[in-house]
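Asks: For reference, the file run_20.txt (compact mmCIF, C-alpha atoms) is included below:
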```txt
# COMPACT_ATOMS: atom_id res chain seq x y z
CA MET Y 32 11.91 48.28 -20.81
CA LEU Y 33 9.51 49.19 -23.58
CA SER Y 34 5.76 49.25 -23.09
CA SER Y 35 3.65 46.42 -24.47
CA HIS Y 36 2.12 48.83 -27.00
CA LYS Y 37 5.58 49.73 -28.33
CA VAL Y 38 6.57 46.03 -28.51
CA THR Y 39 3.41 45.29 -30.50
CA GLU Y 40 4.17 48.20 -32.83
CA ILE Y 41 7.73 46.94 -33.40
CA PHE Y 42 6.43 43.42 -34.07
CA PHE Y 43 3.87 44.71 -36.58
CA ILE Y 44 6.50 46.67 -38.51
CA ILE Y 45 8.84 43.67 -38.59
CA ASP Y 46 6.02 41.32 -39.61
CA GLU Y 47 5.01 43.54 -42.53
CA PHE Y 48 8.65 43.77 -43.62
CA ASP Y 49 9.03 39.98 -43.37
CA LYS Y 50 5.95 39.33 -45.49
CA ASN Y 51 7.24 41.63 -48.23
CA PHE Y 52 10.76 40.25 -47.97
CA GLU Y 53 9.62 36.60 -48.22
CA LYS Y 54 7.56 37.43 -51.31
CA ILE Y 55 10.52 39.14 -53.01
CA VAL Y 56 12.90 36.33 -52.10
CA SER Y 57 10.54 33.63 -53.36
CA ASP Y 58 10.03 35.54 -56.62
CA HIS Y 59 13.77 35.91 -57.25
CA SER Y 60 15.25 32.74 -55.80
CA LEU Y 61 16.79 29.97 -57.83
CA VAL Y 62 15.35 26.48 -58.00
CA GLN Y 63 16.90 24.24 -55.36
CA ASN Y 64 18.29 20.78 -55.97
CA THR Y 65 15.48 18.40 -54.98
CA ASP Y 66 17.80 15.37 -54.70
CA LEU Y 67 19.14 16.51 -51.34
CA LYS Y 68 17.22 15.84 -48.15
CA GLN Y 69 16.03 18.96 -46.37
CA ARG Y 70 14.47 19.49 -43.00
CA ASN Y 71 10.99 20.92 -43.22
CA ARG Y 72 10.16 21.06 -39.54
CA LYS Y 73 7.97 24.00 -38.62
CA SER Y 74 9.66 26.20 -36.05
CA THR Y 75 7.82 27.27 -32.93
CA LEU Y 76 8.61 30.96 -33.41
CA SER Y 77 8.00 32.92 -36.58
CA ASP Y 78 10.80 34.90 -38.20
CA SER Y 79 9.08 38.10 -37.08
CA GLU Y 80 9.01 36.93 -33.46
CA VAL Y 81 12.71 36.05 -33.54
CA MET Y 82 13.65 39.42 -35.04
CA THR Y 83 11.50 41.25 -32.47
CA ILE Y 84 13.20 39.37 -29.62
CA LEU Y 85 16.62 40.28 -31.01
CA ILE Y 86 15.72 43.96 -31.35
CA LEU Y 87 14.36 44.03 -27.79
CA PHE Y 88 17.50 42.26 -26.55
CA HIS Y 89 19.74 44.89 -28.12
CA SER Y 90 17.67 47.70 -26.63
CA GLY Y 91 17.87 46.22 -23.12
CA HIS Y 92 20.54 45.84 -20.46
CA TYR Y 93 21.19 42.09 -20.69
CA ARG Y 94 24.67 40.97 -21.68
CA ASP Y 95 23.77 37.67 -23.37
CA LEU Y 96 20.76 36.40 -25.26
CA LYS Y 97 20.33 33.20 -23.24
CA HIS Y 98 19.76 35.02 -19.95
CA TYR Y 99 17.54 37.59 -21.64
CA TYR Y 100 15.35 34.87 -23.15
CA ILE Y 101 15.11 32.82 -19.93
CA ASN Y 102 14.66 35.72 -17.50
CA HIS Y 103 12.58 38.12 -19.56
CA ILE Y 104 10.93 36.62 -22.64
CA LYS Y 105 9.78 33.35 -21.05
CA LYS Y 106 8.41 35.16 -17.98
CA HIS Y 107 6.94 38.37 -19.38
CA MET Y 108 6.21 37.86 -23.07
CA LYS Y 109 3.94 34.82 -23.20
CA ARG Y 110 1.40 34.60 -26.02
```
Could you show the structure in this file as structure tokens?
Replies:
Amino acid sequence: MLSSHKVTEIFFIIDEFDKNFEKIVSDHSLVQNTDLKQRNRKSTLSDSEVMTILILFHSGHYRDLKHYYINHIKKHMKR
């Protein structure tokens, strides 16, 4: 697997991309219909964390994301 330094570097790159992407999307998005109910629950993982987990999953040897998350992320990648 990748070293913790490399994982941190990947996360930083993704986080910077996500910040820029969110700014561009918010600047160019259309106004949403406010009559519809929407869920506004804050997720426990940031978008950058989710994308980092997916990139690490695809660079590893696990066959499915569920087993990767349970056996690797929950055990070795705690905050």
Asks: Between atom CA of Y:Asp78 and atom CA of Y:Phe43, what is the spacing in Å?
Replies: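 It comes out at 12.1 Å.
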Asks: State, in Å with one decimal place, the distance from atom CA of Y:Glu47 to atom CA of Y:Met82.
Replies: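 Computing it gives 12.2 Å between the two atoms.
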Asks: Atom CA of Y:Ile45 to atom CA of Y:Glu80: how many Å, to one decimal?
Replies: 8.5 Å
Asks: Please list as a PyMOL selection string every residue within 10 Å of Y:Gly91, counting all atoms listed in the file and excluding residues in the same chain fewer than 5 positions away.
Replies: chain Y and resi 32-33+85-86+99
Asks: Leaving out Y:Thr39 and any residue of its chain fewer than 6 positions from it, which residues lie within 12 Å of it when counting all atoms listed in the file, given as an NGL selection string?
Replies: :Y and (33 or 45-46 or 79-80 or 83-84 or 87 or 108 or 110)
Asks: Skipping near chain neighbours, those fewer than 4 positions away, what residues fall within 12 Å of Y:His107 using all atoms listed in the file, listed as a PyMOL selection string?
Replies: chain Y and resi 32-35+38+99-103
Asks: When distances are computed from only C-alpha atoms, which of Y:Lys109, Y:Lys50, Y:His89, Y:His59 shows the smallest separation from Y:Leu76?
Replies: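 Result for the nearest residue to Y:Leu76: Y:Lys109.
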